[in-house]
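File shown: model.cif (mmCIF, C-alpha atoms).
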```cif
data_model
loop_
_atom_site.label_atom_id
_atom_site.label_comp_id
_atom_site.auth_asym_id
_atom_site.auth_seq_id
_atom_site.Cartn_x
_atom_site.Cartn_y
_atom_site.Cartn_z
CA MET A 1 67.56 -6.09 10.90
CA ASN A 2 67.71 -2.62 9.39
CA ILE A 3 65.51 0.34 10.26
CA LYS A 4 63.41 -0.11 7.15
CA ALA A 5 62.36 -3.61 8.09
CA ILE A 6 61.43 -2.51 11.61
CA ARG A 7 59.38 0.33 10.23
CA SER A 8 57.55 -1.94 7.85
CA TRP A 9 56.91 -4.38 10.69
CA PHE A 10 55.37 -1.60 12.80
CA ALA A 11 53.28 -0.41 9.90
CA GLN A 12 51.87 -3.87 9.39
CA ALA A 13 51.25 -4.35 13.09
CA ASN A 14 49.51 -0.99 13.23
CA ALA A 15 47.31 -1.85 10.25
CA TYR A 16 46.24 -5.16 11.76
CA ALA A 17 45.60 -3.58 15.17
CA THR A 18 43.41 -0.93 13.52
CA GLU A 19 41.48 -3.58 11.65
CA VAL A 20 40.93 -5.59 14.83
CA TYR A 21 39.87 -2.54 16.79
CA ASN A 22 37.48 -1.40 14.05
CA ALA A 23 36.01 -4.80 13.32
CA PRO A 24 32.88 -4.60 15.51
CA TYR A 25 32.09 -1.06 14.33
CA ARG A 26 32.68 -2.02 10.76
CA ALA A 27 30.21 -4.88 11.04
CA ALA A 28 27.56 -2.60 12.54
CA ILE A 29 28.02 0.09 9.91
CA ALA A 30 28.10 -2.46 7.12
CA ARG A 31 24.83 -3.88 8.39
CA ALA A 32 23.26 -0.40 8.50
CA LYS A 33 24.43 0.28 4.98
CA ARG A 34 23.08 -3.01 3.77
CA ASP A 35 19.72 -2.19 5.32
CA GLU A 36 19.65 1.13 3.48
CA ASP A 37 20.57 -0.60 0.24
CA ASP A 38 17.89 -3.21 0.80
CA LEU A 39 15.27 -0.54 1.34
CA PHE A 40 16.40 1.16 -1.83
CA MET A 41 16.09 -2.13 -3.72
CA LEU A 42 12.66 -2.67 -2.25
CA LEU A 43 11.59 0.77 -3.48
CA VAL A 44 12.87 0.03 -6.96
CA PHE A 45 11.56 -3.53 -7.18
CA SER A 46 8.46 -2.91 -5.07
CA GLU A 47 6.17 -4.24 -7.76
CA LEU A 48 7.59 -7.73 -7.20
CA MET A 49 6.06 -7.57 -3.76
CA GLY A 50 2.74 -6.42 -5.11
CA VAL A 51 3.25 -2.85 -3.94
CA PRO A 52 2.14 -0.53 -6.72
CA ASN A 53 4.96 1.77 -7.61
CA PRO A 54 3.91 5.26 -8.65
CA ALA A 55 7.13 5.84 -10.53
CA SER A 56 7.65 2.43 -12.08
CA TYR A 57 8.35 4.09 -15.41
CA TYR A 58 11.35 5.83 -13.90
CA THR A 59 12.58 3.01 -11.72
CA LEU A 60 12.59 0.75 -14.76
CA GLU A 61 15.70 2.51 -16.00
CA LEU A 62 17.41 1.92 -12.63
CA GLN A 63 16.86 -1.83 -12.77
CA PRO A 64 19.75 -2.66 -15.12
CA LEU A 65 22.05 -0.70 -12.81
CA LEU A 66 20.91 -2.68 -9.80
CA LEU A 67 20.95 -6.16 -11.32
CA GLU A 68 24.36 -6.99 -9.87
CA ARG A 69 23.02 -6.43 -6.38
CA PHE A 70 19.79 -8.18 -7.18
CA HIS A 71 20.86 -11.77 -6.50
CA GLU A 72 22.13 -11.10 -2.97
CA TRP A 73 19.13 -8.99 -2.26
CA HIS A 74 16.44 -11.47 -3.21
CA GLN A 75 18.18 -14.19 -1.23
CA ARG A 76 18.36 -11.97 1.84
CA MET A 77 14.69 -11.17 1.39
CA GLY A 78 13.97 -14.89 1.70
CA ILE A 79 13.22 -15.51 -1.96
CA GLU A 80 15.30 -18.47 -2.99
CA HIS A 81 15.15 -18.01 -6.74
CA SER A 82 14.95 -14.85 -8.74
CA PRO A 83 11.34 -13.74 -8.86
CA LEU A 84 11.97 -11.77 -12.03
CA ASP A 85 10.96 -13.64 -15.14
CA HIS A 86 13.19 -11.65 -17.40
CA PHE A 87 16.28 -11.78 -15.27
CA ARG A 88 17.43 -15.13 -14.04
CA CYS A 89 20.42 -14.90 -11.80
CA CYS A 90 20.06 -18.35 -10.27
CA MET B 1 -3.73 40.38 -22.73
CA PHE B 2 -2.41 38.31 -19.83
CA THR B 3 1.35 37.90 -19.59
CA GLN B 4 1.78 34.26 -18.48
CA LYS B 5 3.82 32.25 -20.94
CA VAL B 6 2.49 28.80 -20.10
CA VAL B 7 -1.26 28.38 -20.61
CA PHE B 8 -3.37 25.33 -19.83
CA ILE B 9 -6.92 24.95 -21.12
CA GLY B 10 -8.93 22.32 -19.23
CA GLY B 11 -12.51 21.27 -18.72
CA LYS B 12 -15.08 18.52 -19.10
CA GLY B 13 -15.16 16.54 -22.31
CA GLY B 14 -16.94 18.16 -25.24
CA VAL B 15 -17.26 21.71 -23.89
CA GLY B 16 -14.95 23.18 -26.55
CA LYS B 17 -11.47 23.12 -25.01
CA THR B 18 -9.73 22.60 -28.35
CA THR B 19 -11.70 25.38 -30.03
CA ILE B 20 -10.92 27.88 -27.27
CA ALA B 21 -7.25 26.83 -27.14
CA SER B 22 -6.89 27.11 -30.92
CA ALA B 23 -8.63 30.49 -31.05
CA LEU B 24 -6.41 31.75 -28.23
CA ALA B 25 -3.30 30.52 -30.04
CA LEU B 26 -4.40 32.24 -33.23
CA ARG B 27 -5.18 35.43 -31.31
CA CYS B 28 -1.69 35.46 -29.78
CA GLN B 29 -0.14 34.80 -33.18
CA GLN B 30 -2.06 37.74 -34.64
CA ALA B 31 -0.72 39.90 -31.83
CA GLY B 32 2.76 39.10 -33.17
CA GLU B 33 3.77 36.45 -30.65
CA ARG B 34 5.56 33.20 -31.39
CA VAL B 35 3.10 30.55 -30.24
CA LEU B 36 3.29 26.80 -29.70
CA ILE B 37 0.03 24.93 -29.23
CA VAL B 38 0.29 21.42 -27.75
CA SER B 39 -2.42 18.80 -27.47
CA THR B 40 -1.97 16.39 -24.54
CA ASP B 41 -5.24 14.55 -25.04
CA PRO B 42 -4.53 10.99 -26.25
CA ALA B 43 -7.58 11.43 -28.49
CA HIS B 44 -6.24 14.43 -30.38
CA SER B 45 -8.53 16.88 -32.10
CA LEU B 46 -6.17 19.78 -32.71
CA ALA B 47 -5.62 18.72 -36.32
CA ASP B 48 -9.40 18.82 -36.81
CA ALA B 49 -9.69 22.32 -35.36
CA PHE B 50 -7.02 23.65 -37.71
CA ALA B 51 -8.13 21.35 -40.56
CA GLN B 52 -4.47 20.45 -41.07
CA PRO B 53 -2.50 17.30 -40.22
CA ILE B 54 -0.43 17.62 -37.02
CA GLY B 55 1.72 14.91 -35.46
CA ASP B 56 4.21 13.98 -32.76
CA THR B 57 6.82 16.39 -34.09
CA ILE B 58 6.41 20.16 -33.97
CA ILE B 59 5.15 21.56 -37.28
CA THR B 60 4.60 25.14 -38.37
CA LEU B 61 0.96 25.91 -39.18
CA MET B 62 1.71 29.48 -40.20
CA PRO B 63 4.50 31.93 -39.44
CA GLY B 64 4.53 32.35 -35.65
CA LEU B 65 2.23 29.42 -34.90
CA ASP B 66 3.60 25.93 -34.31
CA ALA B 67 1.61 22.88 -33.24
CA LEU B 68 2.29 19.48 -31.66
CA GLU B 69 0.15 16.48 -30.76
CA ILE B 70 2.00 14.43 -28.14
CA ASP B 71 1.93 10.69 -28.76
CA PRO B 72 2.75 9.06 -25.40
CA ASP B 73 2.96 5.59 -26.95
CA ARG B 74 5.97 6.54 -29.04
CA GLU B 75 7.70 7.91 -25.97
CA VAL B 76 7.00 4.76 -23.93
CA VAL B 77 8.34 2.52 -26.68
CA ALA B 78 11.55 4.55 -26.97
CA HIS B 79 12.06 4.56 -23.19
CA ILE B 80 11.54 0.82 -22.84
CA GLU B 81 13.79 0.18 -25.82
CA ARG B 82 16.61 2.05 -24.02
CA VAL B 83 16.10 0.01 -20.83
CA THR B 84 15.93 -3.26 -22.77
CA GLN B 85 19.26 -2.50 -24.43
CA SER B 86 21.03 -1.97 -21.12
CA MET B 87 19.24 -4.96 -19.61
CA LYS B 88 20.65 -7.18 -22.35
CA LYS B 89 24.19 -6.48 -21.22
CA PHE B 90 23.50 -8.45 -18.06
CA THR B 91 21.77 -11.53 -19.41
CA ARG B 92 22.50 -14.50 -21.58
CA PRO B 93 21.60 -14.15 -25.24
CA ASP B 94 19.06 -16.97 -24.98
CA MET B 95 17.11 -14.81 -22.54
CA PHE B 96 16.74 -11.92 -24.98
CA ALA B 97 13.40 -13.14 -26.30
CA GLU B 98 12.13 -13.40 -22.73
CA ILE B 99 13.30 -9.89 -21.89
CA GLU B 100 11.61 -8.47 -24.93
CA ARG B 101 8.36 -10.20 -24.07
CA GLN B 102 8.49 -8.82 -20.54
CA MET B 103 9.27 -5.33 -21.79
CA ARG B 104 6.38 -5.43 -24.22
CA LEU B 105 4.10 -6.16 -21.29
CA THR B 106 5.57 -3.23 -19.38
CA GLN B 107 4.49 -0.97 -22.23
CA GLN B 108 0.90 -1.75 -21.35
CA SER B 109 1.36 -1.17 -17.62
CA PRO B 110 -0.82 1.55 -16.15
CA GLY B 111 1.06 4.73 -15.52
CA ALA B 112 3.67 4.18 -18.23
CA GLN B 113 1.85 6.35 -20.75
CA GLU B 114 1.04 8.89 -18.10
CA ALA B 115 4.66 9.09 -17.02
CA ALA B 116 5.84 9.40 -20.62
CA LEU B 117 3.31 12.17 -21.25
CA LEU B 118 4.35 13.97 -18.08
CA GLU B 119 7.96 13.76 -19.15
CA ARG B 120 7.21 15.33 -22.54
CA ILE B 121 5.11 18.09 -20.97
CA ALA B 122 7.75 18.77 -18.34
CA THR B 123 10.45 19.03 -20.99
CA LEU B 124 8.26 21.36 -23.07
CA ILE B 125 7.47 23.60 -20.10
CA ASP B 126 11.17 23.64 -19.34
CA GLU B 127 12.49 24.35 -22.83
CA ALA B 128 9.78 25.82 -25.04
CA PRO B 129 9.56 29.25 -23.34
CA GLN B 130 13.05 30.00 -24.66
CA GLN B 131 11.80 29.76 -28.24
CA TYR B 132 8.18 30.80 -27.88
CA ASP B 133 6.37 33.73 -26.31
CA ARG B 134 3.42 31.53 -25.45
CA VAL B 135 2.95 27.78 -24.98
CA ILE B 136 -0.71 26.77 -24.96
CA PHE B 137 -1.70 23.29 -23.79
CA ASP B 138 -4.98 21.88 -25.00
CA THR B 139 -5.52 19.21 -22.36
CA ALA B 140 -7.57 16.04 -22.00
CA PRO B 141 -10.81 16.05 -19.98
CA THR B 142 -10.56 17.20 -16.37
CA GLY B 143 -9.64 14.05 -14.43
CA HIS B 144 -6.70 13.22 -16.65
CA THR B 145 -5.38 16.75 -16.53
CA LEU B 146 -5.75 17.12 -12.77
CA ARG B 147 -3.70 14.00 -12.33
CA LEU B 148 -1.10 15.28 -14.75
CA LEU B 149 -0.80 18.64 -13.02
CA THR B 150 -0.42 17.10 -9.57
CA LEU B 151 1.91 14.31 -10.72
CA PRO B 152 5.17 16.34 -10.61
CA GLU B 153 4.64 16.77 -6.86
CA ALA B 154 4.17 13.04 -6.28
CA MET B 155 7.08 12.11 -8.54
CA ALA B 156 9.41 14.63 -6.93
CA ALA B 157 8.51 13.28 -3.49
CA TRP B 158 9.19 9.77 -4.65
CA THR B 159 12.56 10.44 -6.26
CA GLN B 160 13.43 12.51 -3.19
CA GLY B 161 12.82 9.44 -1.02
CA LEU B 162 15.02 7.30 -3.25
CA LEU B 163 17.79 9.87 -3.26
CA ARG B 164 17.71 10.17 0.51
CA HIS B 165 18.24 6.44 0.95
CA ASP B 166 20.90 6.49 -1.70
CA SER B 167 22.82 9.27 0.05
CA GLN B 168 22.40 7.63 3.46
CA ALA B 169 23.89 4.43 2.07
CA LYS B 170 26.73 6.47 0.61
CA GLN B 171 27.42 8.15 3.93
CA LEU B 172 27.60 4.79 5.62
CA GLN B 173 29.94 3.61 2.89
CA GLY B 174 32.13 6.60 3.69
CA VAL B 175 32.26 5.63 7.37
CA LEU B 176 33.03 2.09 6.33
CA ASP B 177 35.92 3.26 4.16
CA HIS B 178 37.19 5.29 7.07
CA LEU B 179 37.13 2.25 9.34
CA THR B 180 39.17 0.23 6.85
CA PRO B 181 41.78 2.83 5.94
CA LYS B 182 44.24 0.45 4.37
CA ALA B 183 41.95 -1.97 2.58
CA GLY B 184 43.73 -2.97 -0.57
CA LYS B 185 46.40 -0.32 -0.14
CA ASP B 186 49.84 -0.18 1.47
CA ILE B 187 49.81 -3.74 2.68
CA SER B 188 51.06 -6.08 0.03
CA ASN B 189 47.98 -7.74 -1.37
CA PRO B 190 48.00 -9.79 -4.55
CA PHE B 191 44.29 -9.07 -5.16
CA SER B 192 44.45 -5.33 -4.60
CA ASP B 193 44.31 -4.41 -8.28
CA ALA B 194 41.40 -6.63 -9.11
CA ARG B 195 39.49 -5.46 -6.10
CA GLU B 196 40.01 -1.82 -6.91
CA HIS B 197 38.78 -2.43 -10.39
CA GLN B 198 35.66 -4.15 -9.17
CA LEU B 199 34.93 -1.42 -6.64
CA SER B 200 35.30 1.38 -9.14
CA ASN B 201 32.80 -0.41 -11.36
CA VAL B 202 30.28 -0.56 -8.54
CA ASP B 203 30.95 3.07 -7.73
CA GLN B 204 30.23 3.97 -11.34
CA ARG B 205 26.89 2.15 -11.11
CA ALA B 206 26.00 3.97 -7.91
CA ALA B 207 26.91 7.27 -9.52
CA ASP B 208 24.75 6.41 -12.54
CA ILE B 209 21.78 5.68 -10.28
CA THR B 210 22.16 9.00 -8.51
CA THR B 211 22.58 10.86 -11.79
CA ALA B 212 19.46 9.27 -13.28
CA LEU B 213 17.40 10.10 -10.20
CA LEU B 214 18.73 13.62 -9.88
CA LYS B 215 17.97 14.37 -13.52
CA ARG B 216 14.31 13.41 -13.03
CA GLN B 217 14.07 15.19 -9.74
CA ARG B 218 15.40 18.47 -11.10
CA LEU B 219 13.06 18.35 -14.09
CA PHE B 220 10.04 17.71 -11.83
CA HIS B 221 11.06 20.47 -9.46
CA ARG B 222 11.44 22.97 -12.28
CA THR B 223 8.08 21.92 -13.76
CA ARG B 224 6.39 22.16 -10.40
CA HIS B 225 7.95 25.55 -9.82
CA ILE B 226 6.71 26.93 -13.15
CA LEU B 227 3.25 25.38 -12.75
CA THR B 228 2.66 26.95 -9.35
CA ALA B 229 4.06 30.39 -10.25
CA HIS B 230 1.22 32.87 -10.83
CA GLU B 231 3.34 35.05 -13.06
CA GLN B 232 4.38 32.18 -15.33
CA THR B 233 1.40 29.85 -15.66
CA ALA B 234 -2.28 30.51 -16.33
CA LEU B 235 -4.90 27.76 -16.06
CA PHE B 236 -8.22 28.29 -17.79
CA PHE B 237 -11.29 26.13 -17.50
CA VAL B 238 -13.87 25.88 -20.24
CA LEU B 239 -17.46 25.05 -19.33
CA THR B 240 -20.93 25.45 -20.76
CA PRO B 241 -23.90 26.92 -18.86
CA GLU B 242 -25.19 23.47 -17.96
CA LYS B 243 -25.41 21.53 -14.73
CA LEU B 244 -22.77 18.81 -15.11
CA PRO B 245 -19.94 20.98 -16.49
CA ILE B 246 -20.50 23.43 -13.60
CA LEU B 247 -20.33 20.69 -10.98
CA GLU B 248 -17.21 19.20 -12.51
CA THR B 249 -15.51 22.59 -12.77
CA VAL B 250 -16.28 23.34 -9.10
CA ARG B 251 -14.55 20.10 -8.11
CA ALA B 252 -11.59 20.71 -10.43
CA VAL B 253 -11.11 24.30 -9.22
CA ASN B 254 -11.14 23.13 -5.61
CA ALA B 255 -8.66 20.34 -6.32
CA LEU B 256 -6.28 22.73 -8.07
CA ARG B 257 -6.55 25.30 -5.28
CA LYS B 258 -5.55 22.60 -2.82
CA GLU B 259 -2.41 22.05 -4.92
CA SER B 260 -1.95 25.84 -5.04
CA LEU B 261 -2.02 25.85 -8.85
CA PRO B 262 -2.94 29.27 -10.25
CA ILE B 263 -6.38 29.39 -11.90
CA HIS B 264 -6.61 32.40 -14.13
CA GLY B 265 -10.16 32.33 -15.40
CA LEU B 266 -13.11 30.60 -16.97
CA PHE B 267 -14.46 30.50 -20.48
CA ILE B 268 -18.22 29.97 -20.50
CA ASN B 269 -18.79 28.60 -23.96
CA ARG B 270 -21.90 28.19 -26.11
CA ASN B 271 -24.21 30.79 -24.57
CA LEU B 272 -27.39 31.15 -26.61
CA PRO B 273 -27.37 34.59 -28.22
CA GLN B 274 -30.29 36.99 -27.55
CA HIS B 275 -31.35 37.02 -31.18
CA ALA B 276 -31.93 33.26 -31.33
CA ASP B 277 -35.69 33.13 -31.73
CA GLY B 278 -38.42 30.62 -31.00
CA GLU B 279 -40.13 29.63 -27.77
CA PHE B 280 -37.97 26.54 -27.32
CA LEU B 281 -34.78 28.56 -27.42
CA ALA B 282 -36.31 31.24 -25.14
CA GLN B 283 -36.93 28.53 -22.57
CA ARG B 284 -33.41 27.24 -23.00
CA ARG B 285 -32.09 30.79 -22.55
CA ALA B 286 -34.04 31.20 -19.30
CA GLN B 287 -32.48 27.96 -18.08
CA GLU B 288 -29.01 29.14 -19.04
CA ARG B 289 -29.58 32.38 -17.12
CA VAL B 290 -30.11 30.34 -13.96
CA TYR B 291 -26.88 28.44 -14.55
CA ARG B 292 -24.97 31.62 -15.37
CA GLY B 293 -26.19 33.00 -12.05
CA GLU B 294 -24.85 29.92 -10.37
CA ILE B 295 -21.50 30.27 -12.16
CA GLU B 296 -21.30 33.87 -11.00
CA THR B 297 -21.81 32.95 -7.34
CA GLN B 298 -19.64 29.81 -7.43
CA PHE B 299 -16.72 31.44 -9.21
CA ALA B 300 -17.16 35.02 -8.03
CA GLU B 301 -13.43 35.64 -7.64
CA LEU B 302 -12.41 34.24 -11.05
CA GLN B 303 -12.39 36.12 -14.35
CA ARG B 304 -15.27 34.90 -16.50
CA HIS B 305 -15.36 35.22 -20.27
CA TYR B 306 -18.56 34.47 -22.17
CA ILE B 307 -18.48 33.05 -25.70
CA PRO B 308 -21.78 32.76 -27.60
CA LEU B 309 -23.04 29.70 -29.42
CA LEU B 310 -22.19 30.25 -33.07
CA PRO B 311 -24.58 29.50 -35.93
CA THR B 312 -22.19 27.14 -37.74
CA ASP B 313 -19.49 24.65 -36.85
CA ILE B 314 -16.05 26.07 -36.31
CA ASN B 315 -13.87 24.68 -39.02
CA GLY B 316 -10.29 25.57 -39.88
CA ILE B 317 -8.51 28.85 -39.36
CA HIS B 318 -11.31 30.80 -40.99
CA GLY B 319 -13.86 29.37 -38.55
CA LEU B 320 -11.61 30.15 -35.59
CA GLN B 321 -11.65 33.84 -36.60
CA SER B 322 -15.29 34.05 -35.59
CA VAL B 323 -14.38 32.79 -32.10
CA ILE B 324 -11.48 35.22 -31.79
CA ALA B 325 -13.94 38.08 -32.24
CA HIS B 326 -15.56 37.03 -28.94
CA LEU B 327 -12.34 36.66 -26.94
CA PRO B 328 -11.90 39.43 -24.36
CA TRP B 329 -8.43 40.35 -25.63
#
```

For the structure just supplied, provide its representation as structure tokens.
Amino acid sequence: MNIKAIRSWFAQANAYATEVYNAPYRAAIARAKRDEDDLFMLLVFSELMGVPNPASYYTLELQPLLLERFHEWHQRMGIEHSPLDHFRCC
Amino acid sequence: MFTQKVVFIGGKGGVGKTTIASALALRCQQAGERVLIVSTDPAHSLADAFAQPIGDTIITLMPGLDALEIDPDREVVAHIERVTQSMKKFTRPDMFAEIERQMRLTQQSPGAQEAALLERIATLIDEAPQQYDRVIFDTAPTGHTLRLLTLPEAMAAWTQGLLRHDSQAKQLQGVLDHLTPKAGKDISNPFSDAREHQLSNVDQRAADITTALLKRQRLFHRTRHILTAHEQTALFFVLTPEKLPILETVRAVNALRKESLPIHGLFINRNLPQHADGEFLAQRRAQERVYRGEIETQFAELQRHYIPLLPTDINGIHGLQSVIAHLPW
């Protein structure tokens, strides 16, 4: 076994250890980020929920940018199928 | 003459806003200024005042005097067309008809026209002062205009809220990246390339969202800043010496003060001249005196300019000359 192989083995071990150590924090932060994203989606798509949106004219142009996130979001919000008539993701 | 570059003329319907605005524009033009007069009322009457067709693109009425009648519908259609195009990238072609139907409905949604109008006005306030010495807005009746003048505040607050959540999410993403320092790197990973590609795409989207929001926000902030600056904007109200216009103006002035928008003065239009004879008119004049007294106590701290009732209709540039003679400047 040469020095290079040992080094690479340590590097891998270190990477996995870091991942394991960070896992619980990562989950918490990821959840917090998802909550922020969900709130943002809610603000943009608020009219779906019957909340009048004062800036709907401006959020309209954000909708195409958010469509990729839309499917996950509406499922998390407990809506099984896409509530948007013009965009069917499922 | 006052020095503010941006001038708004407001007031109750039918008191002569367009006439006063047009006369003021002509007066400024005669003083050698480059003037742009803009009508924001969906029911335009600027073309009638100048007896000349005016449309949604700026036209030159005479050297030094340009005019524009904003058509919010055209703006809404263009905006929705842009969104529809980008929407189509994400859906199946057989859904296109559905999208277009939905977007047509959006055109009719309340607020869309208002927002489009606000956008045009904001852009004009932002850009026109570089080309013109004076930009005069002939506005729609009071309620509509009040809403329009206070809208930048509401819109800025709203985009601010969106941006805050966006940046919070980004911060958390940063922490997340820090916690997974080697994700897709260093360690041999057959999917690393694909993953990086996907992520950069998402990042681009996020950046686009922020850019779109920031663009709006900055425009609203600049508009708001100019509107509330006493040295840049002058708001005038037009009223007649009658009960209802006075009451409405009192409410409007109070609402604008609350928003700290600078009110420069009042035009009291259509005062019966002394030489109008007959008992009927004498009675009318006595009544007007009472209302003028009321105006003087209600608006004691505002500049008041009185314009008499003229014997004939004001028609075209020639007719406006007779109003200019009664302007204080």

Pull the closest atom pair for each residue of chain B that gets at most 6 Å from chain A, along with the distance in Å to one decimal, counting only C-alpha atoms, ordering rows by chain and then ascending residue number, as JSON lines.
```
{"residue": "B:Val83", "atom": "CA", "partner": "A:Glu61", "partner_atom": "CA", "distance": 5.5}
{"residue": "B:Met87", "atom": "CA", "partner": "A:Pro64", "partner_atom": "CA", "distance": 5.1}
{"residue": "B:Glu98", "atom": "CA", "partner": "A:His86", "partner_atom": "CA", "distance": 5.7}
{"residue": "B:Ile99", "atom": "CA", "partner": "A:His86", "partner_atom": "CA", "distance": 4.8}
{"residue": "B:Ala112", "atom": "CA", "partner": "A:Tyr57", "partner_atom": "CA", "distance": 5.5}
{"residue": "B:Ala169", "atom": "CA", "partner": "A:Lys33", "partner_atom": "CA", "distance": 5.1}
{"residue": "B:Leu172", "atom": "CA", "partner": "A:Lys33", "partner_atom": "CA", "distance": 5.5}
{"residue": "B:Leu179", "atom": "CA", "partner": "A:Asn22", "partner_atom": "CA", "distance": 6.0}
{"residue": "B:Arg205", "atom": "CA", "partner": "A:Leu65", "partner_atom": "CA", "distance": 5.9}
```

Would you mind exporting the chosen residues as a PDB file, in the coordinates of the input, restricted to C-alpha atoms?
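File produced: selection15.pdb:
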```pdb
ATOM      1  CA  VAL B  83      16.100   0.010 -20.830  1.00  0.00           C
ATOM      2  CA  MET B  87      19.240  -4.960 -19.610  1.00  0.00           C
ATOM      3  CA  GLU B  98      12.130 -13.400 -22.730  1.00  0.00           C
ATOM      4  CA  ILE B  99      13.300  -9.890 -21.890  1.00  0.00           C
ATOM      5  CA  ALA B 112       3.670   4.180 -18.230  1.00  0.00           C
ATOM      6  CA  ALA B 169      23.890   4.430   2.070  1.00  0.00           C
ATOM      7  CA  LEU B 172      27.600   4.790   5.620  1.00  0.00           C
ATOM      8  CA  LEU B 179      37.130   2.250   9.340  1.00  0.00           C
ATOM      9  CA  ARG B 205      26.890   2.150 -11.110  1.00  0.00           C
TER      10      ARG B 205
END
```

Set the distance at 12 Å and use all atoms listed in the file: which residues neighbour B:Val290 once local chain neighbours fewer than 5 positions away are removed? I'd like the list as an MDAnalysis selection string.
chainID B and resid 241:243 246 283:285 295:297

Using only C-alpha atoms, please write the residues we just selected to a file, as a PDB file, keeping the file's coordinate frame.
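Contents of the output file selection-v6.pdb:
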```
ATOM      1  CA  PRO B 241     -23.900  26.920 -18.860  1.00  0.00           C
ATOM      2  CA  GLU B 242     -25.190  23.470 -17.960  1.00  0.00           C
ATOM      3  CA  LYS B 243     -25.410  21.530 -14.730  1.00  0.00           C
ATOM      4  CA  ILE B 246     -20.500  23.430 -13.600  1.00  0.00           C
ATOM      5  CA  GLN B 283     -36.930  28.530 -22.570  1.00  0.00           C
ATOM      6  CA  ARG B 284     -33.410  27.240 -23.000  1.00  0.00           C
ATOM      7  CA  ARG B 285     -32.090  30.790 -22.550  1.00  0.00           C
ATOM      8  CA  ILE B 295     -21.500  30.270 -12.160  1.00  0.00           C
ATOM      9  CA  GLU B 296     -21.300  33.870 -11.000  1.00  0.00           C
ATOM     10  CA  THR B 297     -21.810  32.950  -7.340  1.00  0.00           C
TER      11      THR B 297
END
```

Go ahead and compute the interatomic distance for atom CA of B:Gly11 and atom CA of B:Thr142, in Å to one decimal.
5.1 Å

Between atom CA of B:Ser22 and atom CA of B:Ile121, what is the distance, to one decimal in Å?
18.0 Å

Computed interatomic separation between atom CA of B:Ser45 and atom CA of B:Thr18 (Å)
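Separation of atom CA of B:Ser45 and atom CA of B:Thr18: 6.9 Å.
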